[in-house]
>>> print(open('final.txt').read())   # compact mmCIF, C-alpha atoms
# COMPACT_ATOMS: atom_id res chain seq x y z
CA MET I 1 -36.87 -10.86 -54.41
CA ILE I 2 -40.63 -10.18 -54.48
CA LYS I 3 -41.01 -11.60 -50.96
CA ASN I 4 -38.18 -9.39 -49.68
CA LYS I 5 -39.71 -6.29 -51.27
CA ILE I 6 -43.08 -7.03 -49.68
CA GLY I 7 -41.37 -7.47 -46.31
CA GLU I 8 -39.64 -4.10 -46.60
CA ASP I 9 -42.89 -2.39 -47.63
CA LYS I 10 -44.51 -3.57 -44.39
CA LEU I 11 -41.81 -2.03 -42.19
CA ASP I 12 -42.88 0.97 -40.16
CA THR I 13 -40.32 3.57 -41.22
CA LEU I 14 -40.09 7.32 -41.58
CA VAL I 15 -40.16 6.77 -45.34
CA SER I 16 -43.34 4.67 -45.17
CA ARG I 17 -44.98 7.46 -43.13
CA SER I 18 -43.70 10.22 -45.44
CA ALA I 19 -42.02 11.76 -42.39
CA VAL I 20 -38.73 12.79 -44.07
CA PRO I 21 -38.65 16.01 -46.15
CA ILE I 22 -37.81 15.45 -49.83
CA ILE I 23 -35.88 18.19 -51.65
CA ASP I 24 -35.72 18.20 -55.46
CA LEU I 25 -32.38 19.40 -56.86
CA ALA I 26 -33.42 19.32 -60.52
CA HIS I 27 -32.55 22.38 -62.65
CA CYS I 28 -30.81 24.20 -59.82
CA GLY I 29 -29.87 27.68 -60.94
CA LYS I 30 -29.35 30.59 -58.56
CA PHE I 31 -33.06 31.12 -57.87
CA VAL I 32 -33.67 27.42 -57.35
CA GLY I 33 -30.56 27.28 -55.13
CA ASN I 34 -32.19 29.85 -52.84
CA ARG I 35 -35.32 27.69 -52.75
CA VAL I 36 -33.23 24.63 -51.90
CA GLY I 37 -31.51 26.60 -49.14
CA GLN I 38 -34.82 27.48 -47.53
CA GLN I 39 -36.01 23.86 -47.77
CA LEU I 40 -32.73 22.59 -46.32
CA HIS I 41 -32.85 25.08 -43.47
CA LYS I 42 -36.42 24.07 -42.60
CA ALA I 43 -35.60 20.35 -42.82
CA LEU I 44 -32.45 20.53 -40.68
CA ALA I 45 -34.14 22.83 -38.16
CA GLU I 46 -37.24 20.68 -37.76
CA LYS I 47 -36.04 17.14 -38.54
CA GLY I 48 -32.25 17.17 -38.81
CA ILE I 49 -32.61 15.08 -41.97
CA ALA I 50 -33.86 15.23 -45.57
CA PHE I 51 -33.75 13.25 -48.81
CA LEU I 52 -32.23 14.83 -51.92
CA VAL I 53 -33.66 13.64 -55.25
CA ASN I 54 -32.74 14.42 -58.86
CA HIS I 55 -29.26 15.19 -57.55
CA GLY I 56 -27.42 14.32 -60.76
CA ILE I 57 -25.13 11.59 -59.43
CA ALA I 58 -25.69 8.54 -61.60
CA GLU I 59 -26.60 5.30 -59.82
CA GLU I 60 -24.04 3.50 -62.00
CA LYS I 61 -21.20 5.56 -60.50
CA ILE I 62 -22.31 4.67 -56.97
CA LYS I 63 -22.67 0.97 -57.78
CA ALA I 64 -19.24 0.94 -59.43
CA VAL I 65 -17.65 2.15 -56.18
CA TRP I 66 -19.56 -0.44 -54.12
CA ASP I 67 -18.23 -3.10 -56.53
CA GLN I 68 -14.68 -1.79 -56.13
CA PHE I 69 -14.95 -1.93 -52.34
CA ASP I 70 -16.18 -5.53 -52.62
CA HIS I 71 -13.07 -6.27 -54.68
CA PHE I 72 -10.92 -4.69 -51.97
CA LEU I 73 -12.55 -6.86 -49.30
CA ASP I 74 -11.75 -9.94 -51.42
CA LEU I 75 -8.02 -9.12 -51.38
CA PRO I 76 -5.74 -11.19 -49.14
CA PRO I 77 -5.52 -9.85 -45.55
CA GLU I 78 -1.83 -9.00 -45.94
CA ILE I 79 -2.66 -6.62 -48.81
CA GLN I 80 -5.59 -5.06 -46.96
CA GLU I 81 -3.22 -4.50 -44.02
CA ARG I 82 -1.07 -2.15 -46.12
CA TYR I 83 -3.99 0.27 -46.30
CA ARG I 84 -5.22 0.01 -42.71
CA ARG I 85 -6.06 3.30 -40.95
CA LYS I 86 -3.16 4.25 -38.68
CA ASP I 87 -3.00 6.37 -35.55
CA GLY I 88 -2.80 10.06 -36.33
CA VAL I 89 -4.56 9.95 -39.71
CA ASN I 90 -8.14 9.43 -40.85
CA TYR I 91 -7.61 7.75 -44.23
CA GLY I 92 -7.43 4.03 -44.85
CA TYR I 93 -9.19 0.74 -44.19
CA VAL I 94 -11.14 0.19 -40.97
CA SER I 95 -11.95 -3.44 -40.18
CA PRO I 96 -14.85 -4.66 -38.01
CA GLY I 97 -14.24 -3.92 -34.32
CA MET I 98 -11.77 -1.03 -34.82
CA GLU I 99 -14.42 1.60 -34.12
CA CYS I 100 -16.60 1.74 -31.04
CA PHE I 101 -18.87 4.74 -30.60
CA ASP I 102 -19.99 3.83 -27.08
CA GLY I 103 -16.62 2.45 -25.99
CA LYS I 104 -17.79 -1.14 -25.53
CA THR I 105 -20.18 -2.51 -28.18
CA PRO I 106 -18.72 -4.50 -31.12
CA GLU I 107 -19.48 -2.81 -34.44
CA LEU I 108 -19.84 -5.08 -37.45
CA ARG I 109 -18.77 -3.19 -40.54
CA HIS I 110 -15.94 -2.64 -42.98
CA ALA I 111 -15.05 0.93 -43.93
CA TYR I 112 -12.55 2.70 -46.15
CA ASN I 113 -11.87 6.42 -45.68
CA ILE I 114 -10.58 8.68 -48.44
CA CYS I 115 -9.50 12.22 -47.52
CA LYS I 116 -7.40 13.06 -50.57
CA LEU I 117 -7.35 11.73 -54.11
CA ASP I 118 -3.76 10.45 -54.12
CA ASP I 119 -1.95 7.10 -54.07
CA GLN I 120 -1.59 7.21 -50.29
CA ASN I 121 -5.37 7.24 -49.86
CA ILE I 122 -6.38 5.04 -52.80
CA PRO I 123 -5.32 1.36 -53.28
CA ARG I 124 -4.30 1.88 -56.89
CA ASP I 125 -1.76 -0.96 -57.25
CA PRO I 126 -3.93 -3.95 -56.30
CA LEU I 127 -7.06 -2.47 -57.91
CA PRO I 128 -6.17 -0.34 -60.99
CA GLU I 129 -9.81 0.57 -61.75
CA PHE I 130 -10.51 1.59 -58.15
CA ALA I 131 -8.92 5.02 -58.55
CA GLU I 132 -10.89 6.05 -61.64
CA ASP I 133 -14.26 5.09 -60.14
CA ILE I 134 -13.63 6.61 -56.72
CA ILE I 135 -12.15 9.88 -58.05
CA THR I 136 -15.17 10.46 -60.30
CA LEU I 137 -17.69 9.84 -57.52
CA THR I 138 -15.76 11.76 -54.86
CA ASN I 139 -15.59 14.83 -57.07
CA ASP I 140 -19.35 14.58 -57.64
CA PHE I 141 -19.96 14.59 -53.88
CA LYS I 142 -17.57 17.53 -53.47
CA ALA I 143 -19.47 19.52 -56.11
CA MET I 144 -22.80 18.70 -54.43
CA SER I 145 -21.36 19.80 -51.08
CA SER I 146 -20.31 23.15 -52.54
CA PHE I 147 -23.83 23.67 -53.89
CA ILE I 148 -25.34 22.86 -50.48
CA LEU I 149 -22.94 25.22 -48.72
CA ARG I 150 -23.99 28.05 -51.06
CA ALA I 151 -27.66 27.21 -50.51
CA LEU I 152 -27.19 27.31 -46.73
CA GLU I 153 -25.41 30.67 -47.00
CA ALA I 154 -28.50 32.09 -48.66
CA ALA I 155 -30.89 30.53 -46.17
CA LEU I 156 -28.92 31.71 -43.14
CA GLU I 157 -28.51 35.19 -44.65
CA ILE I 158 -24.77 35.21 -44.03
CA PRO I 159 -22.11 36.83 -46.23
CA PRO I 160 -21.74 35.12 -49.62
CA SER I 161 -18.87 32.63 -49.72
CA TYR I 162 -18.61 32.44 -45.91
CA PHE I 163 -19.12 28.67 -45.96
CA LEU I 164 -17.20 28.19 -49.21
CA ASP I 165 -14.23 30.08 -47.77
CA THR I 166 -14.27 28.07 -44.54
CA HIS I 167 -14.52 24.80 -46.55
CA SER I 168 -11.96 25.71 -49.20
CA GLN I 169 -9.63 22.71 -48.65
CA ILE I 170 -12.07 19.83 -48.99
CA LEU I 171 -10.25 16.66 -50.17
CA GLU I 172 -6.81 18.25 -49.83
CA GLY I 173 -5.97 15.84 -47.03
CA ASP I 174 -6.85 15.35 -43.38
CA ALA I 175 -3.91 17.53 -42.32
CA VAL I 176 -5.88 20.58 -43.51
CA ASN I 177 -9.51 19.41 -43.78
CA MET I 178 -11.21 16.30 -42.39
CA SER I 179 -13.80 15.92 -45.17
CA THR I 180 -13.96 12.25 -46.03
CA LEU I 181 -15.62 9.91 -48.48
CA ARG I 182 -16.28 6.68 -46.61
CA MET I 183 -17.21 3.41 -48.26
CA LEU I 184 -19.08 1.05 -45.94
CA TYR I 185 -20.05 -2.59 -46.07
CA TYR I 186 -22.13 -4.23 -43.34
CA PRO I 187 -21.81 -8.03 -43.63
CA ALA I 188 -24.79 -10.33 -43.61
CA ILE I 189 -25.59 -11.54 -40.10
CA VAL I 190 -25.18 -15.27 -39.56
CA ASP I 191 -26.09 -15.92 -35.96
CA ASP I 192 -23.69 -18.78 -35.26
CA GLU I 193 -20.61 -16.98 -36.63
CA PRO I 194 -18.02 -15.68 -34.12
CA GLY I 195 -18.38 -11.99 -33.30
CA GLN I 196 -22.03 -11.82 -34.35
CA SER I 197 -23.48 -12.53 -30.94
CA ASP I 198 -26.24 -10.72 -29.10
CA GLY I 199 -25.28 -7.17 -28.25
CA ALA I 200 -23.39 -6.49 -31.47
CA ILE I 201 -24.43 -3.56 -33.64
CA ARG I 202 -23.65 -2.37 -37.14
CA CYS I 203 -22.90 1.19 -36.01
CA GLY I 204 -23.30 2.64 -32.53
CA ALA I 205 -25.34 5.71 -31.67
CA HIS I 206 -23.60 9.00 -32.46
CA VAL I 207 -23.93 12.36 -34.17
CA ASP I 208 -21.68 13.19 -37.11
CA TYR I 209 -18.83 15.53 -36.33
CA GLY I 210 -18.73 17.96 -39.23
CA THR I 211 -20.98 20.36 -41.13
CA PHE I 212 -23.26 17.81 -42.80
CA THR I 213 -23.20 14.28 -44.17
CA LEU I 214 -24.44 12.94 -47.50
CA LEU I 215 -25.40 9.26 -47.48
CA THR I 216 -26.40 6.82 -50.17
CA GLN I 217 -27.34 3.21 -49.41
CA ASP I 218 -28.32 0.20 -51.46
CA SER I 219 -31.12 -1.08 -49.21
CA GLU I 220 -32.91 -0.79 -45.92
CA GLY I 221 -30.37 -2.08 -43.46
CA GLY I 222 -31.19 -0.87 -39.96
CA LEU I 223 -30.51 2.89 -40.05
CA GLU I 224 -32.33 4.56 -37.15
CA VAL I 225 -32.51 8.18 -35.98
CA GLN I 226 -33.73 10.22 -33.03
CA LEU I 227 -35.67 13.16 -34.39
CA PRO I 228 -35.32 16.52 -32.59
CA GLY I 229 -37.27 16.60 -29.34
CA SER I 230 -37.64 12.82 -29.16
CA GLU I 231 -35.63 10.06 -27.51
CA LYS I 232 -37.38 7.36 -29.55
CA TRP I 233 -35.30 5.52 -32.14
CA GLN I 234 -37.11 5.35 -35.47
CA ARG I 235 -36.18 3.35 -38.56
CA VAL I 236 -35.51 5.61 -41.53
CA GLY I 237 -36.25 3.23 -44.40
CA HIS I 238 -34.94 3.35 -47.96
CA LEU I 239 -35.86 5.73 -50.76
CA PRO I 240 -34.22 4.30 -53.90
CA GLY I 241 -32.05 6.76 -55.79
CA ALA I 242 -32.17 9.44 -53.08
CA ILE I 243 -29.25 10.84 -51.10
CA LEU I 244 -29.88 11.44 -47.42
CA ILE I 245 -28.48 14.58 -45.78
CA ASN I 246 -28.16 15.05 -42.04
CA GLY I 247 -26.72 17.89 -40.02
CA GLY I 248 -23.44 17.57 -38.12
CA GLU I 249 -22.24 18.82 -34.76
CA LEU I 250 -20.11 21.69 -36.05
CA LEU I 251 -23.04 23.13 -38.03
CA SER I 252 -25.17 22.86 -34.89
CA ILE I 253 -22.56 24.77 -32.83
CA TRP I 254 -22.20 27.38 -35.57
CA THR I 255 -25.96 28.03 -35.63
CA LYS I 256 -26.48 27.89 -31.82
CA GLN I 257 -28.43 24.64 -32.26
CA ARG I 258 -30.93 26.15 -34.69
CA LEU I 259 -29.88 23.40 -37.10
CA HIS I 260 -29.71 19.99 -35.47
CA ALA I 261 -26.98 17.36 -35.33
CA LEU I 262 -28.98 14.18 -35.77
CA PRO I 263 -28.31 11.20 -33.46
CA HIS I 264 -28.32 8.00 -35.50
CA ARG I 265 -27.20 4.39 -35.44
CA VAL I 266 -27.35 1.26 -37.59
CA VAL I 267 -28.87 -1.69 -35.76
CA ILE I 268 -28.94 -5.33 -36.78
CA PRO I 269 -32.46 -5.71 -38.21
CA GLU I 270 -34.79 -8.23 -36.62
CA GLN I 271 -36.21 -9.25 -39.99
CA ASP I 272 -34.37 -12.33 -41.29
CA HIS I 273 -34.68 -11.30 -44.94
CA ILE I 274 -32.86 -8.03 -44.16
CA ARG I 275 -30.29 -9.14 -41.59
CA THR I 276 -29.09 -12.08 -43.70
CA ARG I 277 -27.92 -9.89 -46.60
CA GLY I 278 -25.11 -7.39 -46.67
CA ARG I 279 -25.64 -3.64 -46.89
CA HIS I 280 -23.55 -1.12 -48.82
CA SER I 281 -23.48 2.59 -48.21
CA ILE I 282 -21.31 5.58 -49.01
CA ALA I 283 -21.07 8.58 -46.72
CA PHE I 284 -19.50 11.91 -47.63
CA PHE I 285 -18.64 13.87 -44.50
CA CYS I 286 -18.35 17.57 -45.30
CA HIS I 287 -16.08 19.37 -42.81
CA PRO I 288 -14.75 22.90 -42.49
CA ASP I 289 -11.02 23.50 -42.83
CA ASN I 290 -9.16 22.41 -39.70
CA SER I 291 -8.08 25.95 -38.81
CA THR I 292 -11.64 27.31 -38.86
CA MET I 293 -12.78 28.59 -35.46
CA ILE I 294 -16.27 27.26 -34.79
CA SER I 295 -17.96 30.08 -32.91
CA PRO I 296 -21.68 30.17 -32.05
CA ASN I 297 -21.38 33.95 -32.41
CA ALA I 298 -20.21 33.86 -36.04
CA LEU I 299 -23.69 33.49 -37.56
CA LEU I 300 -25.77 35.40 -35.00
CA LYS I 301 -28.91 37.11 -36.22
CA GLU I 302 -29.59 40.68 -35.19
CA GLY I 303 -30.67 40.84 -31.56
CA GLU I 304 -29.46 37.36 -30.62
CA GLU I 305 -27.52 37.03 -27.39
CA GLN I 306 -23.77 36.38 -27.60
CA SER I 307 -22.41 33.10 -26.30
CA HIS I 308 -19.54 33.18 -23.81
CA GLU I 309 -18.49 29.55 -24.28
CA LYS I 310 -14.88 28.78 -25.14
CA ILE I 311 -14.24 28.66 -28.88
CA TYR I 312 -12.32 25.78 -30.45
CA SER I 313 -11.04 25.11 -33.95
CA ALA I 314 -12.68 22.50 -36.15
CA PHE I 315 -9.58 20.33 -35.76
CA GLU I 316 -9.69 20.44 -31.94
CA LEU I 317 -13.38 19.53 -31.83
CA ILE I 318 -13.06 16.68 -34.32
CA GLN I 319 -9.95 15.19 -32.73
CA GLN I 320 -11.76 14.83 -29.42
CA LYS I 321 -14.51 12.92 -31.20
CA PHE I 322 -11.98 10.65 -32.91
CA ASN I 323 -10.31 9.94 -29.58
CA ASP I 324 -13.68 8.91 -28.13
CA THR I 325 -14.47 6.67 -31.13
CA TYR I 326 -11.14 4.86 -31.45
CA GLY I 327 -10.19 4.87 -27.77
CA GLN I 328 -6.77 6.32 -28.52
CA SER I 329 -5.04 9.38 -29.86
CA SER I 330 -5.99 9.87 -33.50
>>> encode(input="final.txt", output="C-alpha cells")
Amino acid sequence: MIKNKIGEDKLDTLVSRSAVPIIDLAHCGKFVGNRVGQQLHKALAEKGIAFLVNHGIAEEKIKAVWDQFDHFLDLPPEIQERYRRKDGVNYGYVSPGMECFDGKTPELRHAYNICKLDDQNIPRDPLPEFAEDIITLTNDFKAMSSFILRALEAALEIPPSYFLDTHSQILEGDAVNMSTLRMLYYPAIVDDEPGQSDGAIRCGAHVDYGTFTLLTQDSEGGLEVQLPGSEKWQRVGHLPGAILINGGELLSIWTKQRLHALPHRVVIPEQDHIRTRGRHSIAFFCHPDNSTMISPNALLKEGEEQSHEKIYSAFELIQQKFNDTYGQSS
C-alpha cells in the first residue's frame, strides 16, 4: 500500500501540479451559492473542469454503492442478462465491449445506468439492499445538481429558475429526461487475458452529452483530459474525497462555447501498480428535459450576435450521440 501511494505521488498529473480549480461547497447559503456560481463559471470557461470539496455526500454512501455494484457483477450471467441495457432505452447493465466511442476500439469496463428510481431500473430482487443504497446516493447527486444549476443561473445572469425549469424532470425516466447515475467498474488489467490486448482502452475519447457531469472515483485509474486550447492529453490524478465536475456539450451549445465541453478518456495506465487493480467510479450526468430546445441564442448577453444555426431539442442531440456510441438506434 505504501509503495503504491508513493508511485501515485510521483505521477505527473493536473492534481500534482495544482492545475485543477478547487471549489469549496461548505456552508452554502444564497450568498455563498453566488460565489460558487462565479467560481464554477470561471473554472468551466477556462479549464472545463473543477473539483468540488466539502460537498456533503458521505464517503460511506459512495463506497456502499460501489460494494453493491461489485455484488451485481458477482451474480450469475443469466441474472445480469435480465438487466442488460436494451435498444431504445438508456437504463440497465452495459458489459465490456457494448460501448465504443470511436467506433472501433474495445472498451474494458462494466457500467450500470439508472434513470429512474423504480424496479425497472434497479435490480431489487437479486440484491435487496441495492435499492436503498442507490436511492439515497442518487437523490444526493440530484440535490447537488439542483444547487449547481442555481449557482450557474446566478453566474450567467439569466432569469432565476431558468435552468431548474428546464431540468425539472431529472430522474423521472429517460422518456422525459436523460439524466443518469452510472456506476462504473474498470477491471484490473492482466495482459495475457483475452480481450485485454494492445489497443484496448478503458473509455474512449469523448465529451459528455448533457449539461454537466459529476464524477467520484476511488483511485487514480487513467482519467485524462484535453484542456481548452490544447490537444495534449493530460492525466487528471486523484483528489480523495472530491467530486469532479466537467461541462457537457449541451451547456457549451447553450452558452455559445463560453463554457467548455471537456474532451476526456480513460486509458489503461502504464504503471503496473495502477493497471493491475480495478477502478470504481460513479458518474451523475445532469441533462435538461428531453423537450428543451437547446438554442445558443437563449442565454445571449446584451450586444452578442445571434446564431442562425438550426436548433434541436435535447432529446434529438443526445440520441445522435447515443447512436454514434452504440453503433445502432438507441
>>> residues_around(input="final.txt", residues="Phe69 (chain I)", least_positions_apart="4", cutoff="8 Å", atoms="all atoms listed in the file", output="compact mmCIF listing (two decimals) with C-alpha atoms, in the frame of the given file")
# COMPACT_ATOMS: atom_id res chain seq x y z
CA VAL I 65 -17.65 2.15 -56.18
CA LEU I 73 -12.55 -6.86 -49.30
CA MET I 183 -17.21 3.41 -48.26
>>> closest_residue(input="final.txt", among="I:Gln80, I:Asn121, I:Ser145, I:Ser95", to="His55 (chain I)", atoms="all atoms listed in the file")
I:Ser145
>>> atom_distance(input="final.txt", atom1="CA of Val207 (chain I)", atom2="CA of Leu227 (chain I)")
11.8 Å
>>> atom_distance(input="final.txt", atom1="CA of Ala314 (chain I)", atom2="CA of Leu250 (chain I)")
7.5 Å
>>> atom_distance(input="final.txt", atom1="CA of Arg82 (chain I)", atom2="CA of Ala64 (chain I)")
22.7 Å
>>> residues_around(input="final.txt", residues="Ile135 (chain I)", least_positions_apart="2", cutoff="10 Å", atoms="all atoms listed in the file", output="ChimeraX atom specification")
/I:65,114,116-118,122,130-133,137-140
>>> closest_residue(input="final.txt", among="I:Pro263, I:Gly56, I:Gly248, I:Pro106", to="Lys232 (chain I)", atoms="all atoms listed in the file")
I:Pro263
>>> closest_residue(input="final.txt", among="I:Trp233, I:Tyr83, I:Tyr91, I:Tyr186", to="Glu220 (chain I)", atoms="only C-alpha atoms")
I:Tyr186
>>> closest_residue(input="final.txt", among="I:Ile268, I:Ile243, I:Cys203, I:Val94", to="Ala50 (chain I)", atoms="only C-alpha atoms")
I:Ile243
>>> closest_residue(input="final.txt", among="I:Ile62, I:Arg150, I:Glu81, I:Asn246", to="Pro21 (chain I)", atoms="all atoms listed in the file")
I:Asn246
>>> residues_around(input="final.txt", residues="Arg182 (chain I)", least_positions_apart="2", cutoff="12 Å", atoms="all atoms listed in the file", output="JSON, numbers by chain")
{"I": [65, 66, 69, 90, 91, 92, 93, 94, 109, 110, 111, 112, 113, 114, 115, 116, 121, 122, 134, 137, 138, 141, 178, 179, 180, 184, 185, 213, 214, 215, 216, 217, 280, 281, 282, 283, 284, 285, 286]}
>>> residues_near_point(input="final.txt", point="(-7.9, 26.3, -38.6)", cutoff="10 Å", atoms="all atoms listed in the file", output="PyMOL selection string")
chain I and resi 166+176-177+288-294+312-316
>>> residues_around(input="final.txt", residues="Arg258 (chain I)", least_positions_apart="3", cutoff="7 Å", atoms="all atoms listed in the file", output="JSON, numbers by chain")
{"I": [45, 252, 255]}
>>> closest_residue(input="final.txt", among="I:Leu149, I:Ile79, I:Ala298, I:Ala19", to="Gly48 (chain I)", atoms="only C-alpha atoms")
I:Ala19
>>> residues_around(input="final.txt", residues="Phe147 (chain I)", least_positions_apart="6", cutoff="12 Å", atoms="all atoms listed in the file", output="number ranges by chain")
I: 25, 28-30, 32-34, 36-37, 40, 55, 140-141, 153-154, 161, 163-164, 167, 286
>>> axis_aligned_box(input="final.txt", around="region 250-264 of chain I", padding_each_side="3 Å", output="JSON")
{"center_x": -25.5, "center_y": 18.0, "center_z": -34.9, "size_x": 16.8, "size_y": 26.0, "size_z": 12.2}
>>> build_atoms(input="final.txt", residues="region 74-87 of chain I", atoms="N, CA, C and O atoms", output="short mmCIF file (atom, residue, chain, number, x, y, z; two decimals), in the frame of the given file")
data_model
loop_
_atom_site.label_atom_id
_atom_site.label_comp_id
_atom_site.auth_asym_id
_atom_site.auth_seq_id
_atom_site.Cartn_x
_atom_site.Cartn_y
_atom_site.Cartn_z
N ASP I 74 -12.14 -8.60 -50.97
CA ASP I 74 -11.75 -9.94 -51.42
C ASP I 74 -10.24 -10.11 -51.50
O ASP I 74 -9.76 -11.23 -51.72
N LEU I 75 -9.48 -9.02 -51.33
CA LEU I 75 -8.02 -9.12 -51.38
C LEU I 75 -7.50 -9.88 -50.17
O LEU I 75 -8.14 -9.93 -49.11
N PRO I 76 -6.33 -10.49 -50.29
CA PRO I 76 -5.74 -11.19 -49.14
C PRO I 76 -5.52 -10.23 -47.97
O PRO I 76 -5.24 -9.04 -48.17
N PRO I 77 -5.67 -10.72 -46.73
CA PRO I 77 -5.52 -9.85 -45.55
C PRO I 77 -4.20 -9.08 -45.51
O PRO I 77 -4.17 -7.94 -45.05
N GLU I 78 -3.12 -9.70 -46.00
CA GLU I 78 -1.83 -9.00 -45.94
C GLU I 78 -1.79 -7.79 -46.86
O GLU I 78 -1.07 -6.81 -46.60
N ILE I 79 -2.58 -7.79 -47.94
CA ILE I 79 -2.66 -6.62 -48.81
C ILE I 79 -3.57 -5.57 -48.20
O ILE I 79 -3.26 -4.37 -48.19
N GLN I 80 -4.71 -6.00 -47.66
CA GLN I 80 -5.59 -5.06 -46.96
C GLN I 80 -4.84 -4.33 -45.84
O GLN I 80 -5.04 -3.14 -45.60
N GLU I 81 -3.94 -5.06 -45.17
CA GLU I 81 -3.22 -4.50 -44.02
C GLU I 81 -2.37 -3.29 -44.43
O GLU I 81 -2.17 -2.37 -43.62
N ARG I 82 -1.89 -3.28 -45.66
CA ARG I 82 -1.07 -2.15 -46.12
C ARG I 82 -1.85 -0.83 -46.09
O ARG I 82 -1.26 0.25 -45.98
N TYR I 83 -3.16 -0.93 -46.20
CA TYR I 83 -3.99 0.27 -46.30
C TYR I 83 -4.80 0.53 -45.04
O TYR I 83 -5.70 1.37 -45.04
N ARG I 84 -4.47 -0.15 -43.96
CA ARG I 84 -5.22 0.01 -42.71
C ARG I 84 -5.04 1.43 -42.15
O ARG I 84 -3.94 1.99 -42.21
N ARG I 85 -6.12 1.99 -41.59
CA ARG I 85 -6.06 3.30 -40.95
C ARG I 85 -5.09 3.24 -39.78
O ARG I 85 -5.17 2.37 -38.93
N LYS I 86 -4.18 4.21 -39.73
CA LYS I 86 -3.16 4.25 -38.68
C LYS I 86 -3.44 5.40 -37.72
O LYS I 86 -4.13 6.36 -38.05
N ASP I 87 -2.87 5.29 -36.52
CA ASP I 87 -3.00 6.37 -35.55
C ASP I 87 -2.50 7.68 -36.15
O ASP I 87 -1.47 7.72 -36.82
#
